[in-house]
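> Below is the file query_17.csv, with CSV, C-alpha atoms.
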```
chain,number,residue,atom,x,y,z
A,1,MET,CA,11.6,25.3,-13.5
A,2,SER,CA,15.0,26.1,-14.7
A,3,GLY,CA,15.9,24.2,-17.9
A,4,VAL,CA,12.5,22.6,-18.1
A,5,ARG,CA,9.7,23.9,-20.3
A,6,ALA,CA,6.2,23.5,-18.9
A,7,ASP,CA,5.1,21.6,-22.0
A,8,ASP,CA,7.9,19.0,-21.4
A,9,GLY,CA,6.3,17.6,-18.3
A,10,PHE,CA,7.9,15.6,-15.5
A,11,THR,CA,8.4,11.9,-15.2
A,12,VAL,CA,6.9,10.8,-11.9
A,13,LEU,CA,7.0,7.5,-10.1
A,14,ASP,CA,5.4,6.0,-7.0
A,15,VAL,CA,7.2,3.0,-5.6
A,16,GLY,CA,5.1,1.1,-3.0
A,17,GLY,CA,5.2,-2.2,-1.3
A,18,THR,CA,3.6,-4.1,-4.1
A,19,THR,CA,3.2,-1.8,-7.1
A,20,LEU,CA,5.4,0.6,-9.1
A,21,ARG,CA,3.6,3.4,-11.0
A,22,VAL,CA,5.2,5.6,-13.6
A,23,GLY,CA,3.6,8.5,-15.5
A,24,SER,CA,3.9,12.0,-16.9
A,25,TYR,CA,2.9,15.1,-15.0
A,26,ASP,CA,2.2,18.4,-16.7
A,27,PRO,CA,3.0,21.3,-14.3
A,28,ALA,CA,1.0,23.8,-16.5
A,29,THR,CA,-2.3,21.9,-16.2
A,30,GLY,CA,-1.7,19.5,-13.3
A,31,ALA,CA,-2.7,16.6,-15.5
A,32,LEU,CA,-1.4,13.1,-15.1
A,33,SER,CA,-1.1,10.9,-18.2
A,34,ARG,CA,0.5,7.7,-19.6
A,35,VAL,CA,0.4,5.9,-16.2
A,36,ARG,CA,1.8,2.4,-16.2
A,37,ARG,CA,1.6,0.0,-13.2
A,38,VAL,CA,3.9,-3.0,-12.7
A,39,PRO,CA,4.7,-5.2,-9.7
A,40,VAL,CA,7.7,-4.0,-7.6
A,41,ASP,CA,10.8,-6.2,-7.8
A,42,GLY,CA,10.9,-6.4,-4.0
A,43,MET,CA,10.6,-8.9,-1.2
A,44,HIS,CA,7.0,-9.9,-2.1
A,45,ARG,CA,8.3,-11.3,-5.4
A,46,ASP,CA,11.4,-12.9,-3.8
A,47,PRO,CA,11.0,-13.1,0.0
A,48,GLY,CA,14.2,-14.9,0.5
A,49,ALA,CA,16.5,-12.4,-1.3
A,50,PRO,CA,19.0,-10.4,0.8
A,51,VAL,CA,18.3,-6.7,1.3
A,52,PRO,CA,21.2,-5.5,-0.9
A,53,VAL,CA,20.1,-7.7,-3.8
A,54,LEU,CA,16.5,-6.3,-3.5
A,55,GLN,CA,17.8,-2.8,-3.3
A,56,GLU,CA,19.7,-3.2,-6.5
A,57,ARG,CA,16.8,-4.8,-8.2
A,58,VAL,CA,14.5,-2.0,-7.3
A,59,VAL,CA,16.9,0.7,-8.5
A,60,GLU,CA,17.4,-1.2,-11.8
A,61,GLN,CA,13.6,-1.5,-12.2
A,62,ILE,CA,13.1,2.2,-11.7
A,63,VAL,CA,15.8,3.0,-14.2
A,64,ARG,CA,14.3,0.5,-16.7
A,65,GLU,CA,10.8,1.9,-16.3
A,66,VAL,CA,12.0,5.5,-16.7
A,67,GLY,CA,13.8,4.6,-19.9
A,68,ALA,CA,10.7,2.8,-21.2
A,69,HIS,CA,8.5,5.7,-20.3
A,70,THR,CA,10.7,8.3,-22.0
A,71,GLY,CA,11.6,6.1,-25.0
A,72,GLY,CA,15.2,6.0,-24.0
A,73,ARG,CA,15.6,9.8,-23.8
A,74,PRO,CA,16.7,11.4,-20.6
A,75,ALA,CA,13.8,12.6,-18.4
A,76,ARG,CA,13.6,16.4,-18.1
A,77,ALA,CA,13.0,16.0,-14.4
A,78,LEU,CA,12.4,12.9,-12.3
A,79,GLY,CA,10.2,12.8,-9.2
A,80,VAL,CA,10.0,9.6,-7.1
A,81,ALA,CA,7.5,9.0,-4.2
A,82,PHE,CA,9.0,6.1,-2.3
A,83,ALA,CA,7.6,4.0,0.6
A,84,GLY,CA,10.0,4.6,3.4
A,85,PRO,CA,11.7,7.4,5.4
A,86,ILE,CA,13.8,9.6,3.3
A,87,THR,CA,16.4,12.2,4.4
A,88,ALA,CA,16.6,15.7,2.9
A,89,ALA,CA,19.6,14.4,0.9
A,90,GLY,CA,17.5,11.7,-0.8
A,91,LEU,CA,18.8,8.8,1.3
A,92,VAL,CA,16.3,6.0,1.8
A,93,LEU,CA,16.8,4.9,5.5
A,94,ALA,CA,14.4,2.0,5.4
A,95,ALA,CA,11.8,0.4,3.2
A,96,PRO,CA,10.0,-2.3,5.3
A,97,THR,CA,7.3,-3.1,2.7
A,98,ILE,CA,9.8,-3.2,-0.2
A,99,TRP,CA,12.9,-5.0,1.0
A,100,GLY,CA,11.9,-5.8,4.6
A,101,ARG,CA,14.5,-5.4,7.3
A,102,ARG,CA,16.4,-2.2,7.5
A,103,GLY,CA,19.7,-2.9,5.6
A,104,GLU,CA,22.1,-0.1,4.6
A,105,PRO,CA,20.8,3.3,3.7
A,106,LEU,CA,20.3,3.7,0.0
A,107,PRO,CA,21.3,7.0,-1.8
A,108,LEU,CA,18.4,6.6,-4.2
A,109,GLY,CA,18.3,10.2,-5.5
A,110,GLU,CA,22.0,10.1,-6.3
A,111,LEU,CA,21.8,6.7,-7.9
A,112,LEU,CA,18.9,7.7,-10.1
A,113,THR,CA,20.6,10.9,-11.3
A,114,GLU,CA,23.7,9.0,-12.1
A,115,ARG,CA,21.9,6.3,-14.1
A,116,THR,CA,19.2,8.3,-15.8
A,117,GLY,CA,21.0,11.6,-16.3
A,118,ALA,CA,18.0,13.5,-15.0
A,119,PRO,CA,17.8,15.7,-11.9
A,120,ALA,CA,15.9,13.6,-9.4
A,121,VAL,CA,13.8,14.5,-6.4
A,122,VAL,CA,13.0,11.6,-4.0
A,123,VAL,CA,10.4,12.0,-1.3
A,124,ASN,CA,8.5,9.7,1.0
A,125,ASP,CA,5.3,8.5,-0.7
A,126,LEU,CA,3.1,10.0,2.0
A,127,THR,CA,5.0,13.3,1.8
A,128,ALA,CA,4.2,13.3,-1.9
A,129,ALA,CA,0.5,12.5,-1.3
A,130,ALA,CA,0.2,15.2,1.2
A,131,TRP,CA,1.3,17.7,-1.5
A,132,ARG,CA,-1.7,16.6,-3.6
A,133,TYR,CA,-4.2,17.3,-0.8
A,134,ALA,CA,-2.5,20.4,0.7
A,135,ALA,CA,-3.3,22.3,-2.5
A,136,GLU,CA,-7.0,21.7,-1.8
A,137,GLU,CA,-7.2,22.0,2.0
A,138,PRO,CA,-7.5,25.5,3.6
A,139,GLY,CA,-5.8,24.5,6.8
A,140,ASP,CA,-3.6,21.8,8.4
A,141,VAL,CA,-4.2,18.3,7.4
A,142,CYS,CA,-3.0,14.8,8.4
A,143,LEU,CA,-2.9,12.3,5.6
A,144,LEU,CA,-3.3,8.6,6.6
A,145,THR,CA,-2.6,5.7,4.3
A,146,VAL,CA,-4.0,2.3,5.1
A,147,SER,CA,-2.7,-0.2,2.6
A,148,SER,CA,0.0,-2.9,2.8
A,149,GLY,CA,1.3,-0.8,5.7
A,150,ILE,CA,0.2,2.4,7.6
A,151,GLY,CA,1.8,5.8,7.3
A,152,ASN,CA,0.9,9.4,7.9
A,153,LYS,CA,2.1,12.9,7.2
A,154,VAL,CA,1.1,16.2,8.7
A,155,PHE,CA,1.1,19.2,6.3
A,156,ARG,CA,1.2,22.5,8.2
A,157,GLY,CA,2.3,25.9,7.1
A,158,GLY,CA,3.2,24.9,3.5
A,159,GLU,CA,5.5,22.0,4.6
A,160,VAL,CA,5.3,18.4,5.7
A,161,LEU,CA,6.4,18.1,9.3
A,162,VAL,CA,9.5,15.9,9.2
A,163,ASP,CA,13.1,16.6,10.1
A,164,ALA,CA,16.1,16.5,7.8
A,165,ASP,CA,16.9,12.9,8.8
A,166,GLY,CA,13.4,11.7,7.7
A,167,HIS,CA,11.9,11.3,11.2
A,168,GLY,CA,8.2,11.8,11.5
A,169,GLY,CA,5.1,10.5,9.8
A,170,GLU,CA,5.7,6.9,10.7
A,171,LEU,CA,2.7,6.0,12.8
A,172,GLY,CA,2.7,2.6,11.3
A,173,HIS,CA,5.8,1.8,13.4
A,174,TRP,CA,4.3,3.0,16.7
A,175,VAL,CA,4.4,0.1,19.1
A,176,CYS,CA,0.8,-0.2,20.2
A,177,ASP,CA,1.0,-3.8,21.4
A,178,PRO,CA,4.1,-4.5,23.6
A,179,SER,CA,3.3,-8.2,24.2
A,180,PRO,CA,6.0,-10.6,23.2
A,181,ASP,CA,3.8,-12.5,20.8
A,182,ALA,CA,2.3,-9.4,19.1
A,183,PRO,CA,2.0,-9.5,15.3
A,184,LEU,CA,5.3,-9.1,13.4
A,185,CYS,CA,5.8,-6.0,11.3
A,186,ASP,CA,7.5,-6.1,7.9
A,187,CYS,CA,10.4,-4.1,9.5
A,188,GLY,CA,11.0,-6.9,11.9
A,189,GLY,CA,9.5,-5.3,15.0
A,190,ARG,CA,6.5,-6.6,16.9
A,191,GLY,CA,3.3,-4.9,17.8
A,192,HIS,CA,3.6,-2.0,15.4
A,193,LEU,CA,0.4,-0.3,14.3
A,194,GLY,CA,1.0,-1.3,10.7
A,195,ALA,CA,1.2,-5.0,11.7
A,196,ILE,CA,-2.3,-4.8,13.3
A,197,ALA,CA,-4.4,-2.2,11.4
A,198,SER,CA,-3.0,-2.2,7.9
A,199,GLY,CA,-4.6,-4.2,5.1
A,200,ARG,CA,-2.1,-7.0,5.8
A,201,GLY,CA,-2.9,-6.8,9.5
A,202,VAL,CA,-6.6,-7.0,8.9
A,203,LEU,CA,-6.1,-10.0,6.6
A,204,ALA,CA,-4.1,-11.8,9.2
A,205,ALA,CA,-6.7,-11.0,11.9
A,206,THR,CA,-9.5,-12.3,9.5
A,207,HIS,CA,-7.6,-15.5,8.9
A,208,ARG,CA,-7.3,-16.1,12.6
A,209,ALA,CA,-11.0,-15.3,13.3
A,210,ALA,CA,-12.1,-17.6,10.4
A,211,ARG,CA,-10.2,-20.5,11.8
A,212,ALA,CA,-11.2,-19.9,15.4
A,213,GLU,CA,-14.9,-19.2,14.6
A,214,GLY,CA,-15.4,-21.7,11.8
A,215,ALA,CA,-19.2,-21.9,12.0
A,216,ALA,CA,-19.6,-18.1,12.1
A,217,PHE,CA,-17.2,-17.7,9.2
A,218,ARG,CA,-18.9,-20.3,7.0
A,219,ALA,CA,-22.3,-18.6,7.7
A,220,SER,CA,-21.0,-15.2,6.8
A,221,ARG,CA,-21.0,-13.2,3.6
A,222,LEU,CA,-17.2,-13.6,3.6
A,223,GLY,CA,-17.4,-17.3,3.9
A,224,ALA,CA,-19.8,-17.4,0.9
A,225,LEU,CA,-17.3,-15.3,-1.1
A,226,CYS,CA,-14.4,-17.6,-0.2
A,227,GLY,CA,-16.2,-21.0,-0.5
A,228,GLY,CA,-16.1,-21.5,3.3
A,229,ARG,CA,-12.3,-21.8,3.2
A,230,PRO,CA,-10.2,-19.4,5.4
A,231,GLU,CA,-7.2,-19.8,3.2
A,232,HIS,CA,-9.1,-18.2,0.3
A,233,VAL,CA,-9.8,-15.0,2.2
A,234,ASP,CA,-8.1,-12.0,0.7
A,235,ASN,CA,-8.4,-8.2,1.1
A,236,ARG,CA,-10.7,-7.8,-1.9
A,237,ALA,CA,-13.2,-10.3,-0.3
A,238,ILE,CA,-12.9,-8.6,3.1
A,239,ALA,CA,-13.7,-5.2,1.5
A,240,GLU,CA,-16.7,-6.6,-0.4
A,241,ALA,CA,-18.0,-8.3,2.7
A,242,VAL,CA,-17.8,-5.2,4.9
A,243,ARG,CA,-19.4,-3.0,2.2
A,244,ALA,CA,-22.2,-5.5,2.1
A,245,GLY,CA,-22.7,-5.1,5.9
A,246,ASP,CA,-21.5,-8.6,6.9
A,247,PRO,CA,-21.4,-8.7,10.7
A,248,PHE,CA,-18.6,-11.3,11.0
A,249,THR,CA,-16.1,-9.4,8.8
A,250,THR,CA,-17.2,-6.0,10.1
A,251,GLU,CA,-16.5,-7.0,13.7
A,252,VAL,CA,-13.0,-8.3,12.7
A,253,LEU,CA,-12.2,-5.0,11.0
A,254,ARG,CA,-13.6,-3.1,14.0
A,255,SER,CA,-11.3,-5.0,16.3
A,256,THR,CA,-8.2,-3.8,14.5
A,257,MET,CA,-9.2,-0.1,14.6
A,258,THR,CA,-8.7,0.7,18.3
A,259,PRO,CA,-5.0,1.4,18.0
A,260,LEU,CA,-5.5,3.4,14.8
A,261,ALA,CA,-8.1,5.5,16.5
A,262,GLN,CA,-5.7,5.9,19.5
A,263,ALA,CA,-3.0,7.1,17.1
A,264,ILE,CA,-5.3,9.7,15.5
A,265,GLY,CA,-6.4,10.8,19.0
A,266,GLY,CA,-2.7,11.3,19.9
A,267,VAL,CA,-2.0,13.4,16.9
A,268,PHE,CA,-5.1,15.5,17.6
A,269,ALA,CA,-4.4,16.0,21.3
A,270,SER,CA,-0.7,16.8,20.8
A,271,ILE,CA,-0.7,19.2,17.8
A,272,GLY,CA,-4.4,20.0,17.2
A,273,VAL,CA,-4.8,18.9,13.6
A,274,CYS,CA,-8.5,18.6,12.9
A,275,ARG,CA,-8.5,17.2,9.4
A,276,TYR,CA,-7.6,13.5,8.6
A,277,ILE,CA,-7.8,12.2,5.1
A,278,LEU,CA,-7.8,8.4,4.6
A,279,VAL,CA,-6.1,7.0,1.5
A,280,GLY,CA,-4.5,3.7,0.7
A,281,GLY,CA,-5.8,0.7,-1.3
A,282,PHE,CA,-7.4,-1.1,1.6
A,283,ALA,CA,-9.2,1.9,3.3
A,284,LEU,CA,-10.5,3.2,-0.1
A,285,ALA,CA,-11.6,-0.3,-1.2
A,286,VAL,CA,-13.8,-0.6,1.9
A,287,GLY,CA,-14.8,3.0,1.5
A,288,GLU,CA,-17.4,4.8,3.6
A,289,PRO,CA,-18.0,1.9,5.9
A,290,TYR,CA,-14.3,2.1,6.9
A,291,ARG,CA,-14.6,5.8,7.6
A,292,ARG,CA,-17.8,5.2,9.7
A,293,LEU,CA,-16.2,2.5,11.8
A,294,LEU,CA,-13.1,4.6,12.5
A,295,VAL,CA,-15.3,7.6,13.5
A,296,ALA,CA,-17.3,5.3,15.8
A,297,GLU,CA,-14.1,4.2,17.5
A,298,LEU,CA,-12.9,7.8,17.8
A,299,LEU,CA,-16.2,8.7,19.4
A,300,ARG,CA,-16.0,5.7,21.8
A,301,LEU,CA,-12.4,6.7,22.9
A,302,GLY,CA,-13.2,10.4,22.9
A,303,CYS,CA,-11.4,13.4,21.3
A,304,PHE,CA,-10.9,16.0,24.0
A,305,GLY,CA,-12.9,19.2,23.3
A,306,LEU,CA,-14.7,18.0,20.2
A,307,ALA,CA,-18.4,17.3,19.9
A,308,PRO,CA,-19.6,14.2,18.0
A,309,GLY,CA,-20.4,16.2,14.9
A,310,GLN,CA,-16.9,17.6,14.8
A,311,VAL,CA,-15.4,14.2,15.1
A,312,ASP,CA,-17.5,13.0,12.2
A,313,THR,CA,-16.4,15.8,9.9
A,314,MET,CA,-12.7,15.6,10.9
A,315,VAL,CA,-12.3,12.3,9.0
A,316,SER,CA,-12.9,12.0,5.3
A,317,LEU,CA,-11.9,9.7,2.4
A,318,GLY,CA,-9.4,10.7,-0.2
A,319,VAL,CA,-9.9,10.4,-3.9
A,320,ALA,CA,-10.6,6.8,-4.9
A,321,ASP,CA,-7.6,6.3,-7.1
A,322,ASP,CA,-4.0,5.3,-6.6
A,323,ASP,CA,-2.5,8.4,-8.2
A,324,HIS,CA,-1.8,10.3,-4.9
A,325,GLY,CA,2.0,9.9,-5.0
A,326,LEU,CA,2.3,10.6,-8.7
A,327,ILE,CA,0.2,13.8,-8.6
A,328,GLY,CA,1.7,14.9,-5.3
A,329,VAL,CA,5.4,14.5,-6.4
A,330,GLY,CA,4.5,16.3,-9.6
A,331,ARG,CA,3.1,19.2,-7.6
A,332,LEU,CA,6.1,19.2,-5.4
A,333,LEU,CA,8.4,19.4,-8.4
A,334,ALA,CA,6.4,22.3,-9.9
A,335,ASP,CA,6.5,24.1,-6.5
A,336,ARG,CA,10.3,23.8,-6.1
A,337,ALA,CA,11.5,25.4,-9.3
A,338,PRO,CA,14.3,25.3,-10.1
A,339,VAL,CA,14.9,21.7,-9.1
A,340,PRO,CA,18.2,21.2,-7.3
A,341,PHE,CA,20.3,18.5,-8.8
A,342,ALA,CA,19.8,15.1,-7.1
A,343,GLN,CA,17.7,16.5,-4.3
A,344,GLY,CA,15.7,14.6,-1.8
A,345,ALA,CA,13.3,15.3,1.0
A,346,SER,CA,11.3,13.3,3.4
```
Please express the file's structure as structure tokens.

Amino acid sequence: MSGVRADDGFTVLDVGGTTLRVGSYDPATGALSRVRRVPVDGMHRDPGAPVPVLQERVVEQIVREVGAHTGGRPARALGVAFAGPITAAGLVLAAPTIWGRRGEPLPLGELLTERTGAPAVVVNDLTAAAWRYAAEEPGDVCLLTVSSGIGNKVFRGGEVLVDADGHGGELGHWVCDPSPDAPLCDCGGRGHLGAIASGRGVLAATHRAARAEGAAFRASRLGALCGGRPEHVDNRAIAEAVRAGDPFTTEVLRSTMTPLAQAIGGVFASIGVCRYILVGGFALAVGEPYRRLLVAELLRLGCFGLAPGQVDTMVSLGVADDDHGLIGVGRLLADRAPVPFAQGAS
């Protein structure tokens, strides 16, 4: 990378709906170090704040965390994986899990370069994560994240399949339930896949089921974990109950998976990607039971031309850490030497 020695490393960040991560990435060894995690100064800390206020808070927080990470010295190069569609110019078009409704596009790459003095590359968080796994996959791969929201990216032929305006890889905003009372997505739309099958969607579905089926809930493993009180249910308890084989919680989770399996089937049928890697805090917290439930739903719906064994092997779990965006944006920076000044990519 022009002007950057390999031993200097890159400052990398992953800004998600609830957590901001910052660390150092060594392009010579691929090692990630000095990772720090803090809550994001977004809508989930201040749900009533206007979008422009939250945008400025998030930018200020990124700049502050970069400065703390580098000891006040300018970063040699800055890579940011960000939860939202990003144009090739580094413009954040939306960030539903961070500041909610759309608001005005935010020139994040340009702002970070101005405020930190470092060349900045800003990419969608799933685009970054895809770069982590693409280095290890022999063929095309679709990365799916199931966490506070749902997203995907397809990596084919050495690139992530999105256009210059950031379109693509937003399965979480596919309208899978057109009914007028469908669950509300963070972006303001109704019936989106992310509102139904994400960690937040599963939590909402579990709360509804616990209230509607009180006796079954109280008799369940989940009920025992939460003292028989639906309001105490959280995603950690849901994951623990499913891992323990609790029928009540497993059935609620299964009920949210039909649209997710339909989305995967659509990607497979349309462009023929046969590898799907599951990441995201919720999916990885549930672990192998989550993968098995999803495969079972894919088998029930059918994947045209694939035998059951092929459907089983097409879905796998990613690495059980939350470093996907950090490692991926580091690999992307290393691949794109020299780094253009204030560049972005979706």
> Kindly indicate which residue among A:Leu299, A:Asn235, A:Glu240, A:Ala283 lies nearest to Thr258 of chain A, using all atoms listed in the file for the distances.
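Of all the options, A:Leu299 lies closest to Thr258 of chain A.
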> Which neighbours of segment 110-125 of chain A fall inside 9 Å, counting all atoms listed in the file, when residues of the same chain fewer than 3 positions from it are skipped, and could you give them as a CSV table (one decimal) with C-alpha atoms, in the frame of the given file?

```csv
chain,number,residue,atom,x,y,z
A,14,ASP,CA,5.4,6.0,-7.0
A,15,VAL,CA,7.2,3.0,-5.6
A,16,GLY,CA,5.1,1.1,-3.0
A,59,VAL,CA,16.9,0.7,-8.5
A,62,ILE,CA,13.1,2.2,-11.7
A,63,VAL,CA,15.8,3.0,-14.2
A,66,VAL,CA,12.0,5.5,-16.7
A,67,GLY,CA,13.8,4.6,-19.9
A,73,ARG,CA,15.6,9.8,-23.8
A,74,PRO,CA,16.7,11.4,-20.6
A,75,ALA,CA,13.8,12.6,-18.4
A,76,ARG,CA,13.6,16.4,-18.1
A,77,ALA,CA,13.0,16.0,-14.4
A,78,LEU,CA,12.4,12.9,-12.3
A,79,GLY,CA,10.2,12.8,-9.2
A,80,VAL,CA,10.0,9.6,-7.1
A,81,ALA,CA,7.5,9.0,-4.2
A,82,PHE,CA,9.0,6.1,-2.3
A,83,ALA,CA,7.6,4.0,0.6
A,84,GLY,CA,10.0,4.6,3.4
A,85,PRO,CA,11.7,7.4,5.4
A,86,ILE,CA,13.8,9.6,3.3
A,87,THR,CA,16.4,12.2,4.4
A,88,ALA,CA,16.6,15.7,2.9
A,89,ALA,CA,19.6,14.4,0.9
A,90,GLY,CA,17.5,11.7,-0.8
A,91,LEU,CA,18.8,8.8,1.3
A,92,VAL,CA,16.3,6.0,1.8
A,106,LEU,CA,20.3,3.7,0.0
A,107,PRO,CA,21.3,7.0,-1.8
A,128,ALA,CA,4.2,13.3,-1.9
A,129,ALA,CA,0.5,12.5,-1.3
A,130,ALA,CA,0.2,15.2,1.2
A,166,GLY,CA,13.4,11.7,7.7
A,324,HIS,CA,-1.8,10.3,-4.9
A,325,GLY,CA,2.0,9.9,-5.0
A,326,LEU,CA,2.3,10.6,-8.7
A,328,GLY,CA,1.7,14.9,-5.3
A,329,VAL,CA,5.4,14.5,-6.4
A,333,LEU,CA,8.4,19.4,-8.4
A,339,VAL,CA,14.9,21.7,-9.1
A,340,PRO,CA,18.2,21.2,-7.3
A,341,PHE,CA,20.3,18.5,-8.8
A,342,ALA,CA,19.8,15.1,-7.1
A,343,GLN,CA,17.7,16.5,-4.3
A,344,GLY,CA,15.7,14.6,-1.8
A,345,ALA,CA,13.3,15.3,1.0
A,346,SER,CA,11.3,13.3,3.4
```
> So, counting all atoms listed in the file, which residue among A:Leu278, A:Ala269, A:Ala209, A:Cys185 is closest to Thr249 of chain A?
A:Ala209
> Can you pull out every residue within 10 Å of Gln262 of chain A, counting only C-alpha atoms, but drop anything in the same chain fewer than 4 positions away, and send it as an NGL selection string?
:A and (176 or 257-258 or 266-268 or 297-298 or 301-303)
> Give the answer as one residue: which of A:Ile98, A:Leu20, A:Ala68, A:Val319 has the shortest atom-to-atom distance to Leu54 of chain A, using only C-alpha atoms?
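The answer is A:Ile98, which sits nearest to Leu54 of chain A.
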> Quick one, how far is atom CA of Asn152 of chain A from atom CA of Val279 of chain A?
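Computing it gives 9.8 Å between the two atoms.
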> Between atom CA of Cys226 of chain A and atom CA of Val286 of chain A, what distance in Å does the model show, to one decimal?
17.1 Å
> To one decimal in Å, tell me the separation between atom CA of Glu136 of chain A and atom CA of Gly280 of chain A.
18.3 Å
> Could you check the closest approach to Ser33 of chain A for each of A:Val242, A:Gly305, A:Arg21, A:Glu159 and tell me which residue wins, using all atoms listed in the file?
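Ranked by minimum distance to Ser33 of chain A, first place goes to A:Arg21.
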> Could you name the residues that touch Ala210 of chain A at 12 Å or less, counting all atoms listed in the file, but leaving out those on the same chain fewer than 3 positions away, as a PyMOL selection string?
chain A and resi 203-207+213-220+222-223+226+228-234+238+248-249+251-252
> Smallest atom-to-atom distance to Leu293 of chain A: which of A:Val53, A:Ala261, A:Arg102, A:Asp323, using all atoms listed in the file?
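Going through A:Val53, A:Ala261, A:Arg102, A:Asp323 one by one, the smallest distance to Leu293 of chain A is for A:Ala261.
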> Determine, counting only C-alpha atoms, which protein, DNA and RNA residues have an atom within 7 Å of an atom of Asp140 of chain A; residues of the same chain fewer than 6 positions away are not included. Present the result as a list of chain:residue names.
A:Phe155, A:Arg156, A:Val273, A:Arg275
> Might you pull out every residue within 9 Å of Trp174 of chain A, with only C-alpha atoms counted and same-chain residues fewer than 6 positions away left off, and present them as a list in words?
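The residues satisfying every condition are Gly191, His192, Leu193, Gly194 and Ala263 of chain A.
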> Show me as a list of chain:residue names the residues that reach within 6 Å of (16.2, 2.6, 6.9), counting all atoms listed in the file and using the file's own coordinates.
A:Leu93, A:Ala94, A:Arg102, A:Pro105
